[in-house]
Structure formats: structure tokens, C-alpha cells
Protein chains: 4
Amino acid sequence: MLPGFTIKRPFFEIGPKAYLYGQAALDLAVQADRLCEVYDVDIIFTPQSVDIRMIAEATRRLLVFAQHMDPLPIGKGIGSVLPEAVKAAGAKGVLLNHAERRMALGDLRRAIERAGEVGLATLVCADNLAEAKAIAVLGPDILLAEPPELIGTAGGGVGSRDFIRRINEEIARLDPRIAVLHGAGIATAGDVAEVIGLGAEATGCTSGIVRAEHPAASMAAMIKALREAWDQRGKEAGFGGNP
Amino acid sequence: MLPGFTIKRPFFEIGPKAYLYGQAALDLAVQADRLCEVYDVDIIFTPQSVDIRMIAEATRRLLVFAQHMDPLPIGKGIGSVLPEAVKAAGAKGVLLNHAERRMALGDLRRAIERAGEVGLATLVCADNLAEAKAIAVLGPDILLAEPPELIGTAGGGVGSRDFIRRINEEIARLDPRIAVLHGAGIATAGDVAEVIGLGAEATGCTSGIVRAEHPAASMAAMIKALREAWDQRGKEAGFGGNP
Amino acid sequence: MLPGFTIKRPFFEIGPKAYLYGQAALDLAVQADRLCEVYDVDIIFTPQSVDIRMIAEATRRLLVFAQHMDPLPIGKGIGSVLPEAVKAAGAKGVLLNHAERRMALGDLRRAIERAGEVGLATLVCADNLAEAKAIAVLGPDILLAEPPELIGTAGGGVGSRDFIRRINEEIARLDPRIAVLHGAGIATAGDVAEVIGLGAEATGCTSGIVRAEHPAASMAAMIKALREAWDQRGKEAGFGGNP
Amino acid sequence: MLPGFTIKRPFFEIGPKAYLYGQAALDLAVQADRLCEVYDVDIIFTPQSVDIRMIAEATRRLLVFAQHMDPLPIGKGIGSVLPEAVKAAGAKGVLLNHAERRMALGDLRRAIERAGEVGLATLVCADNLAEAKAIAVLGPDILLAEPPELIGTAGGGVGSRDFIRRINEEIARLDPRIAVLHGAGIATAGDVAEVIGLGAEATGCTSGIVRAEHPAASMAAMIKALREAWDQRGKEAGFGGNP
């Protein structure tokens with residue numbers, strides 16, 4: 001856990017994976033940066049490692065996170081992603097243990113520790129509640145809960161209210177400092193609104209943006225929906241968006 | 001194999017691994033770039049992936065290579081190093097299959113193919129003659145032969161003449177387009193001179209530079225020794241350095 | 001967690017790793033099986049997978065555990081260790097996540113679930129308290145705590161009392177059904193006595209047995225020490241060995 | 001390469017993968033062993049590692065191969081498959097580098113060397129001609145060529161004659177001692193006959209047997225087809241099956 005790290009609710013994660021790189025990734029990041037200001041939301045953006053510095057330098061509020069980081073110390077390690085190098089390149093944090101890049105439990109623990117040492121926040125992926133609780137023990141800043149049973153439900157709704165609230169409650173009980181992002185097959189602005197309405201305080205998207213005909217327009221619609229759904233939830237609850 | 005790629009003999013590889021990053025890596029790279037001009041040698045420099053673009057933009061003749069690359073296509077792949085992204089960042093090539101980042105045979109084959117597709121040269125590591133010959137079949141641009149039995153002989157000589165010439169001859173017989181770099185526990189300028197005298201046309205160094213008290217001075221002495229040993233060899237052979 | 005699984009305290013784990021196999025592993029296992037009876041202790045024995053069936057058939061009380069298991073279902077998976085196959089071969093359980101065979105967090109979770117499905121107990125390794133607590137969430141039957149800072153202290157004592165009791169207490173608080181084995185660079189019968197005196201209810205050994213001049217004698221001395229130290233602890237506490 | 005190892009043409013490989021284990025794997029192996037005698041063909045059978053000894057002890061001519069093996073020496077290595085242990089369990093060889101268990105190039109080289117040391121033959125998988133040629137350099141006893149473009153063609157034919165003959169010729173030119181098995185989406189006895197007619201001297205099958213309603217009957221039909229197609233080819237060529 002990174003001392004002093006906080007992220008404003010609601011927030012959003014955009015993951016270019018290996019779809020976007022170079023100029024196209026930079027363009028999308030610059031537009032995302034503007035959306036942060038327009039809608040007053042924090043956006044995490046996870047580019048290819050070669051693009052981290054360029055995007056960090058071209059943006060102001062966007063939270064640039066690495067897609068992966070190795071827990072190694074300074075020294076040997078060809079082909080590794082060194083924590084100090086990620087920090088020096090301007091990243092604010094790092095995504096860890098995504099389904100496309102699983103980490104051994106011990107490596108994950110050390111990567112979270114190393115992130116804290118060098119000043120990077122951590123966004124750590126979990127498949128289900130059991131994994132989320134195990135990871136919560138290791139002190140991530142943000143948990144990314146992405147239950148396989150919700151993936152692929154895009155367009156047909158984003159799953160049941162109970163699931164999202166239950167993870168939020170269990171993690172809050174274990175460590176209330178951990179933010180929880182619910183990735184759940186979000187493909188449209190409607191999905192974003194729905195998942196926020198179901199109790200999430202953050203969500204994210206990859207293919208619904210990078211594979212859209214107009215990625216920037218798709219992204220803008222989602223961020224707008226995020227803000228509006230959050231404010232609506234706040235209104236219903238009688239206060240500023242926190243249920 | 002990258003169509004049209006050639007590298008001038010003698011050449012040298014500097015591998016910052018996870019020792020150097022950010023400003024210190026940039027400083028060393030800029031100084032290496034000057035040495036390319038001063039001594040008319042090609043130098044391959046393999047920074048952390050986050051530093052590739054910055055170093056490529058700040059140098060002219062230096063050959064910036066990625067430390068690793070994944071063979072994946074554009075698409076999914078969080079935490080991967082996408083070939084197209086490496087190329088777009090300004091790299092000229094990629095190091096593959098180093099002892100600290102072994103690749104499955106099939107991944108290595110595909111990575112060499114992908115490098116050719118996107119316009120990157122490949123520098124592929126082999127532990128011994130058998131591996132070097134197997135890799136030669138896959139069409140790398142440069143083979144990095146680093147026999148474990150020579151590693152750690154630094155300071156006490158760089159091994160036998162027969163070994164270096166034998167690998168050179170066997171690879172030349174298989175595919176004369178492949179350049180061969182002999183990494184052999186090179187720790188000092190004297191080691192560089194010795195390995196060139198023994199028949200190598202390229203060598204390289206990591207810890208003898210990055211862990212030296214004055215990395216830039218250590219590097220400069222090695223490049224000077226490379227040029228002088230090469231010219232001396234040429235004089236003895238009665239022509240311009242090519243035995 | 002395997003319904004109905006219990007293990008008698010004190011217990012011991014003998015890990016032949018890749019040191020012993022075939023007849024030598026069988027001989028040691030048969031002698032270990034006798035020690036179970038002589039000293040009334042449970043012993044976990046983790047042979048190479050090819051030796052599981054032979055050893056399980058030749059022993060009565062010995063708890064034969066696989067060294068590793070993959071979480072895959074019946075189907076594809078060349079080179080995998082299928083849970084159903086391990087069970088059918090006569091194993092009673094499986095060792096998971098050893099430092100020499102780290103598992104991704106998600107694979108570890110699924111392997112523990114699969115073990116429960118097919119009727120195998122799990123012995124899961126943790127480097128330190130944070131990992132032990134994270135693993136406890138996943139429901140192992142036994143935790144193997146092997147802190148790197150205690151490894152290699154063999155002969156010079158087995159570490160501080162506080163550490164062992166602290167892990168025991170924290171895990172008991174999280175889930176009192178989980179047994180805890182403290183592996184701590186145990187090289188001699190004296191080390192066994194010391195670690196039990198410090199509060200452990202189980203320990204284990206590899207190299208102190210398999211690399212001893214007389215493995216069976218070394219093993220017998222350790223099991224005798226385990227029983228005596230446990231009984232002594234019980235006497236001091238005024239009851240049967242459970243402090 | 002294992003000195004003195006030869007395999008009689010035509011031959012066949014049956015891979016239970018993680019589909020069959022225990023009694024069902026034993027039953028199929030015993031029936032395969034009888035087919036070896038009835039049709040005078042060598043059959044390689046690759047069971048789960050826990051079943052190797054049981055199956056080797058219950059069969060006479062069947063060539064029991066491990067599904068995977070690690071190149072490590074005797075010593076540390078929890079969860080590994082030790083070459084000496086595989087040999088002592090009665091295996092005659094080992095399958096390496098299958099698409100479901102890729103090996104790093106260096107590990108593959110060492111595993112082939114270790115197999116030769118302990119007396120095991122090697123059956124090494126290649127995706128395409130380039131990989132097959134690279135592997136041929138490393139000295140396998142048998143190459144298993146399984147081009148992805150032929151996988152899944154089961155029932156609709158087994159691919160073009162040119163491909164099979166071309167791999168056979170290129171490998172024979174590199175090292176005529178290496179046998180070549182063509183795995184090509186073989187699902188029926190008709191596929192077996194076709195692939196032999198196209199020039200293969202060996203083939204194999206997994207799902208067409210283990211997922212058949214009557215695995216033993218499906219296997220018997222394939223072995224019968226193998227023998228008949230081979231003899232037919234011999235007759236056409238005017239001698240005993242070798243074109």
C-alpha cells in the first residue's frame with residue numbers, strides 16, 4: 001500500500017493492452033486526460049511500457065499505470081520491468097496479476113511491497129471473492145474484481161447487485177482503505193451506468209473502447225455515464241455519491 | 001532475419017539490464033552514441049523498455065534494442081511487449097532468449113518472425129554451440145554466444161581461441177549472413193582486446209561498465225580497445241580488419 | 001480444505017525432492033512408515049510423482065503427498081499432474097507453492113479447490129506471515145511456513161520463539177482448522193527438539209535426511225526427538241502436548 | 001540421441017494426456033500392448049507420470065514414455081520430473097516440448113542430453129518445418145511434427161502429400177537417424193491410412209481414442225489401418241513398406 005495514495009470516487013480504468021501503442025495510444029490518453037477535468041473523475045490509463053514516459057509527460061491528471069512490473073531489485077534481470085524504472089518514467093502506479101499476466105503469490109506480495117518502496121500505487125486483479133480476500137491481505141491500493149461469470153455479459157446487463165455489494169462489503173471489512181474497481185464486461189456507456197447503479201465506485205473497459213469505431217467518442221460517453229450515474233446514486237442516497 | 005539489416009564490424013553490446021534506468025541510462029547512452037562516431041563502431045544498447053523512446057530520440061547512431069519482446073499479435077496481452085510498440089518507440093532491434101529471460105522454442109521462432117515483419121533486427125542468445133546452431137536455423141540477424149564456461153573468466157583471460165573460431169566457422173557455414181557476438185565475461189578493455197584478438201568480430205559487457213566506478217570511462221576504454229584490436233588484427237591479416 | 005481431514009500433532013514432513021527416487025525412496029518411506037507406529041506420529045512423505053503409487057502401496061500410515069499438482073480438469077494437458085490421477089495413485093494429499101515450484105495465485109486457489117473435490121489434503125508453502133495469511137483465506141489444510149530468514153540457520157539454532165508463536169496465533173485466529181508446519185532449516189534432531197520447544201506442532205526436513213551419511217538413522221533420530229520434545233512440552237504445560 | 005535406440009516402422013503414439021489415468025489408462029495400455037504383437041508395430045504410450053511404473057510393469061512391448069521431463073540434475077527441485085526417476089520407473093522415453101507444455105530452448109537441449117545420459121529416448125514436438133529443423137540440431141530420437149494448419153482437419157482429410165514428404169526429406173538430409181512422426185488431427189482409422197499413404201512412417205492420436213465411445217476398439221482399428229496402409233505402400237513400392 002502506497003502511503004498517502006488516494007483516488008477520487010468514481011474512477012475508471014482504460015486498458016489499451018496490446019491493441020494501442022505509440023501515437024494512437026498517446027491521442028487516446030490526451031483525450032482521456034481532458035475527460036478527467038471535464039467530468040472531475042480520476043482515470044487510470046495502462047499503456048504498453050514503452051509508451052509510459054511519453055504519455056505521462058503529455059498528460060496532467062491522468063493516472064498512468066504500468067501493465068505489469070517485476071518484483072526484482074536493481075541489478076540483473078534482462079527483460080524485466082524494474083519498479084524504479086517505471087517510477088522514473090512517470091508512472092503513478094502499476095497493474096498486477098491480470099488474467100493475461102498471472103503472478104506467483106510470492107512475486108505478487110513482493111511487487112506490492114516494491115511498489116510501496118518506490119512510490120507506485122497498485123491495482124491488483126482478482127477472479128473471485130476468495131482471491132480478492134487473499135489479495136486484500138497483501139495490501140493493494142485498489143482491487144480489480146473481474147469475475148469470469150460476469151465477463152462476456154456485456155450488452156445483456158452487468159450482473160447482479162448482490163455480487164458487487166458483497167465484494168465491496170467484504171473488502172471494506174478486511175481493509176477499508178482498499179478501493180474496489182468492478183470490471184465486468186463493460187462494453188457501453190449503459191453498462192457503466194448500470195454497474196455504478198449496482199453499487200460499484202469504479203469500473204473500466206478495454207475492447208469497448210479500443211475496438212470501437214470511434215474510440216475517443218466511446219470513451220467520452222462512458223466517462224459521462226460514470227459521472228451521471230454516480231451523481232444520480234448520490235442524489236438518491238441523499239448525499240454526494242457515497243452510498 | 002530483417003531484410004536489409006547490416007551491422008558494421010567490429011561492434012559492441014552494452015546491456016544496462018535492471019542496473020541503470022532513467023537519467024543514468026540516458027547519460028550513458030548519449031556517451032555511447034559519441035563513441036560510435038569517434039571510433040566508427042556500431043554499438044547496441046539495450047535499455048529497460050520504459051527508456052527505449054527517450055534514448056532513441058536522444059541518440060543518432062546508437063542501435064537501441066529492446067531487452068525482450070513477446071511474439072503476440074496486436075490485440076490482447078496485458079503486460080506484454082508488443083513488437084509494433086517497440087518499433088514505434090524507435091528501437092532498431094530486440095534481444096531475445098537471454099539466460100535471464102529464456103523463451104520457449106516456438107515463441108522464439110515467432111518472435112524472430114514478428115521482428116522481421118515490423119522491421120526490427122534480432123540479437124539472440126545461445127549457451128553453447130548446439131543451441132547456436134539450432135537458433136541459426138530460425139534466422140536471427142545476430143547470434144550472441146555466451147558459453148557458461150567462459151562466463152566468470154573475466155580478468156583471467158577470455159577463453160580459448162579455438163572456441164570462438166569454431167562457433168564463427170560453424171555458423172558461417174550454416175548461414176553466412178548471421179553476425180556473431182561473443183560475450184565472454186568481458187570485464188575490462190584488456191578482455192575486449194583479447195577476445196577480438198581471438199577472432200571475435202563483436203563482444204559486449206554489462207557489469208564491467210554499469211558497476212564500474214566510472215561507467216562512461218570504462219565503456220570508452222572498451223570501445224577504444226575494440227577499435228584498436230580490430231585494426232591490429234586487420235594489419236596482421238594484411239587488410240582492413242576482416243580476417 | 002478437505003472435509004474430514006485431520007492430522008495428529010505432532011507431525012513431520014520428509015521431502016525427497018529430486019534427491020531420492022525409486023528403490024532408495026521406497027526404502028526410506030518404508031522405514032518412515034515404521035516410525036509412524038513406533039512414535040505414534042503422522043509423517044508426510046512427498047516423493048517424485050512416478051513413485052507415489054509404489055510408496056502408497058508399500059506403506060500403511062505414512063501420508064504420501066504429491067510434490068505438486070495442476071488445477072486442470074480432466075481433459076487436455078500434456079505434462080500436467082491431474083488431481084484425479086494423483087488421488088487414484090494412492091496419495092493422501094499434495095504439497096503446493098513450494099519455493100522451488102511457485103504457483104500463480106489463481107492456480108493455487110483452484111488447486112486447493114480441486115484437491116477438496118477429489119479428496120486430497122493440501123500442504124501449502126508460505127515465505128512469511130503476509131503470505132501465510134493470504135493463503136489461509138484460500139482454505140489449505142496445512143500451512144508450511146518457511147521464512148527465508150530462518151533457512152540456513154541450521155546448526156546455529158532455529159530462530160526466535162516469537163516468530164513461531166506469532167504465526168501460529170495469527171493463523172489460528174483466521175482459521176483454527178488450519179495446521180501449521182514450521183520448516184526452518186532443520187538439519188539435526190536437536191533442531192527438531194528446539195523448534196517444537198519454541199511452539200511448533202510440526203516441522204520437516206529434506207537435506208538433513210537425504211544428504212546424511214545414514215538417511216534412515218538421521219530420520220529416526222529426528223522423529224524420536226519430535227516425540228520427546230512434544231511430550232516434554234506437554235508435561236511442562238500440564239497436559240498431553242497441546243500447549 | 002539415445003545410443004542404440006531404434007524404433008520399428010511403422011509406429012504409433014497414443015497420448016492419454018489428462019483424459020485417462022489409473023485403471024482406465026492401464027486397461028488401454030494392456031490392450032495397446034497386445035496390438036503391438038498382433039500387428040507387429042511399436043506403440044508409444046504416454047501416461048500421466050503417476051501411472052508410468054504400473055503400466056511399464058504390466059506391459060511387454062509397449063514403449064511407455066513420460067509426458068514431460070525436467071532437465072535438472074539429482075538434487076533440489078520440488079515438483080520436478082527427474083530423468084533418473086522416470087527411467088527407474090520403467091519408462092523407455094519421454095515426450096518433450098508439446099504445444100501444451102512448451103520448453104525453453106536451453107531446457108529442451110539439456111533435457112535431450114539428460115535423456116541420453118539416463119537411457120531414455122526422446123520424442124520432441126515441432127509446430128512447423130523451421131522448428132523441426134532447429135530441433136533436429138539438438139539430436140532427438142523422434143520428431144513429432146504437428147503443424148497447426150493440419151490440426152482440426154480430422155475427418156476432412158489429413159493434409160497434402162507435399163508437406164509430409166517435405167519434412168521427411170529435410171530432416172533425413174539433416175540427420176537420417178531421426179524418425180519422424182506426423183500428428184495431423186488423426187481422428188479415425190481412415191485418417192491413419194491416409195497419412196501413411198501420404199508418406200508418413202508414424203502417426204498418433206489422443207482424442208480420437210480417449211473420447212471415442214469404445215476407446216479400445218477405436219485404437220485397434222487405427223493400428224490395423226496403420227499396418228495395412230504400410231504394407232500396401234510397401235507393395236506399391238515393390239518392397240517391405242519403406243518407400
# chains A, B, ... in the order shown; residues from 1 in each chain; ligands from 1
>>> select_by_dssp(residues="segment 46-144 of chain D", states="strand (DSSP E)", output="PyMOL selection string")
chain D and resi 63-66+93-96+121-126+142-144
>>> select_by_dssp(residues="segment 32-232 of chain B", states="alpha helix (DSSP H)", output="mmCIF file with C-alpha atoms, in the first residue's frame")
data_model
loop_
_atom_site.group_PDB
_atom_site.id
_atom_site.type_symbol
_atom_site.label_atom_id
_atom_site.label_comp_id
_atom_site.auth_asym_id
_atom_site.auth_seq_id
_atom_site.Cartn_x
_atom_site.Cartn_y
_atom_site.Cartn_z
ATOM 1 C CA ALA B 32 27.957 5.600 -26.147
ATOM 2 C CA ASP B 33 26.466 7.384 -29.148
ATOM 3 C CA ARG B 34 29.511 9.696 -29.283
ATOM 4 C CA LEU B 35 31.839 6.712 -29.074
ATOM 5 C CA CYS B 36 30.147 5.253 -32.166
ATOM 6 C CA GLU B 37 31.301 8.328 -34.092
ATOM 7 C CA VAL B 38 34.709 8.695 -32.507
ATOM 8 C CA TYR B 39 35.725 5.101 -33.126
ATOM 9 C CA ILE B 52 13.626 2.994 -25.232
ATOM 10 C CA ARG B 53 11.889 6.007 -26.763
ATOM 11 C CA MET B 54 13.774 8.606 -24.717
ATOM 12 C CA ILE B 55 17.131 7.073 -25.606
ATOM 13 C CA ALA B 56 16.276 6.527 -29.264
ATOM 14 C CA GLU B 57 15.265 10.183 -29.569
ATOM 15 C CA ALA B 58 18.441 11.433 -27.882
ATOM 16 C CA PRO B 83 6.611 -5.815 -31.497
ATOM 17 C CA GLU B 84 4.816 -2.921 -33.190
ATOM 18 C CA ALA B 85 5.065 -0.834 -29.997
ATOM 19 C CA VAL B 86 8.805 -1.486 -29.704
ATOM 20 C CA LYS B 87 9.341 -0.419 -33.308
ATOM 21 C CA ALA B 88 7.168 2.678 -32.942
ATOM 22 C CA LEU B 105 11.449 -22.546 -28.798
ATOM 23 C CA GLY B 106 8.135 -21.808 -30.551
ATOM 24 C CA ASP B 107 7.915 -18.330 -29.027
ATOM 25 C CA LEU B 108 11.481 -17.612 -30.097
ATOM 26 C CA ARG B 109 10.699 -18.680 -33.651
ATOM 27 C CA ARG B 110 7.609 -16.482 -33.764
ATOM 28 C CA ALA B 111 9.401 -13.528 -32.144
ATOM 29 C CA ILE B 112 12.104 -13.659 -34.847
ATOM 30 C CA GLU B 113 9.385 -13.772 -37.495
ATOM 31 C CA ARG B 114 7.469 -10.902 -35.888
ATOM 32 C CA ALA B 115 10.649 -8.838 -35.657
ATOM 33 C CA GLY B 116 11.159 -9.243 -39.379
ATOM 34 C CA GLU B 117 7.542 -8.236 -40.035
ATOM 35 C CA VAL B 118 7.709 -4.983 -38.064
ATOM 36 C CA LEU B 129 27.371 -24.439 -29.997
ATOM 37 C CA ALA B 130 24.376 -26.803 -30.175
ATOM 38 C CA GLU B 131 21.975 -24.008 -29.227
ATOM 39 C CA ALA B 132 23.707 -21.585 -31.562
ATOM 40 C CA LYS B 133 23.235 -23.958 -34.486
ATOM 41 C CA ALA B 134 19.569 -24.585 -33.592
ATOM 42 C CA ILE B 135 18.950 -20.837 -33.369
ATOM 43 C CA ALA B 136 20.765 -20.207 -36.640
ATOM 44 C CA VAL B 137 18.025 -22.262 -38.330
ATOM 45 C CA ARG B 161 40.981 -19.255 -29.431
ATOM 46 C CA ASP B 162 39.555 -22.488 -30.758
ATOM 47 C CA PHE B 163 36.127 -21.989 -29.262
ATOM 48 C CA ILE B 164 35.484 -18.574 -30.765
ATOM 49 C CA ARG B 165 36.737 -19.513 -34.201
ATOM 50 C CA ARG B 166 34.819 -22.777 -34.134
ATOM 51 C CA ILE B 167 31.459 -21.123 -33.447
ATOM 52 C CA ASN B 168 32.174 -18.467 -36.075
ATOM 53 C CA GLU B 169 33.010 -21.109 -38.658
ATOM 54 C CA GLU B 170 30.065 -23.376 -37.932
ATOM 55 C CA ILE B 171 27.565 -20.518 -38.003
ATOM 56 C CA ALA B 172 29.120 -19.047 -41.154
ATOM 57 C CA ARG B 173 28.759 -22.430 -42.792
ATOM 58 C CA LEU B 174 25.083 -22.641 -41.816
ATOM 59 C CA ALA B 189 39.374 -3.172 -22.023
ATOM 60 C CA GLY B 190 42.070 -5.843 -21.935
ATOM 61 C CA ASP B 191 39.396 -8.550 -22.149
ATOM 62 C CA VAL B 192 37.889 -6.794 -25.178
ATOM 63 C CA ALA B 193 41.255 -6.708 -26.934
ATOM 64 C CA GLU B 194 41.868 -10.354 -26.130
ATOM 65 C CA VAL B 195 38.528 -11.634 -27.392
ATOM 66 C CA ILE B 196 38.880 -9.663 -30.641
ATOM 67 C CA GLY B 197 42.418 -10.982 -30.996
ATOM 68 C CA SER B 207 28.656 -5.353 -15.127
ATOM 69 C CA GLY B 208 32.158 -4.260 -16.187
ATOM 70 C CA ILE B 209 30.515 -0.997 -17.216
ATOM 71 C CA VAL B 210 27.450 -0.415 -15.064
ATOM 72 C CA PRO B 215 30.870 3.657 -16.164
ATOM 73 C CA ALA B 216 31.427 6.085 -19.036
ATOM 74 C CA ALA B 217 35.204 5.883 -18.706
ATOM 75 C CA SER B 218 35.122 2.099 -18.526
ATOM 76 C CA MET B 219 32.906 1.985 -21.602
ATOM 77 C CA ALA B 220 35.137 4.387 -23.539
ATOM 78 C CA ALA B 221 38.221 2.323 -22.771
ATOM 79 C CA MET B 222 36.478 -0.803 -24.028
ATOM 80 C CA ILE B 223 35.339 0.784 -27.298
ATOM 81 C CA LYS B 224 38.838 2.175 -27.878
ATOM 82 C CA ALA B 225 40.279 -1.286 -27.252
ATOM 83 C CA LEU B 226 37.731 -2.790 -29.633
ATOM 84 C CA ARG B 227 38.759 -0.482 -32.450
ATOM 85 C CA GLU B 228 42.479 -0.882 -31.854
ATOM 86 C CA ALA B 229 42.375 -4.657 -31.552
ATOM 87 C CA TRP B 230 40.309 -4.893 -34.697
ATOM 88 C CA ASP B 231 42.669 -2.653 -36.669
ATOM 89 C CA GLN B 232 45.655 -4.575 -35.361
#
>>> interface_residues(of="chain C", to="chain D", cutoff="7 Å", atoms="only C-alpha atoms", output="list in words")
Lys17, Ala18, Tyr19, Tyr21, Gly22, Gln48, Ser49, Val50, Asp51, Ile52, Arg53, Gln67, His68, Ile74, Gly75, Lys76, Gly77, Ile78, Gly79, Val81, Leu82, Ala85, Val86, Ala88, Ala89, Glu100 and Arg101 of chain C
>>> atom_distance(atom1="atom CA of Asp141 of chain C", atom2="atom CA of Gly139 of chain A")
24.1 Å
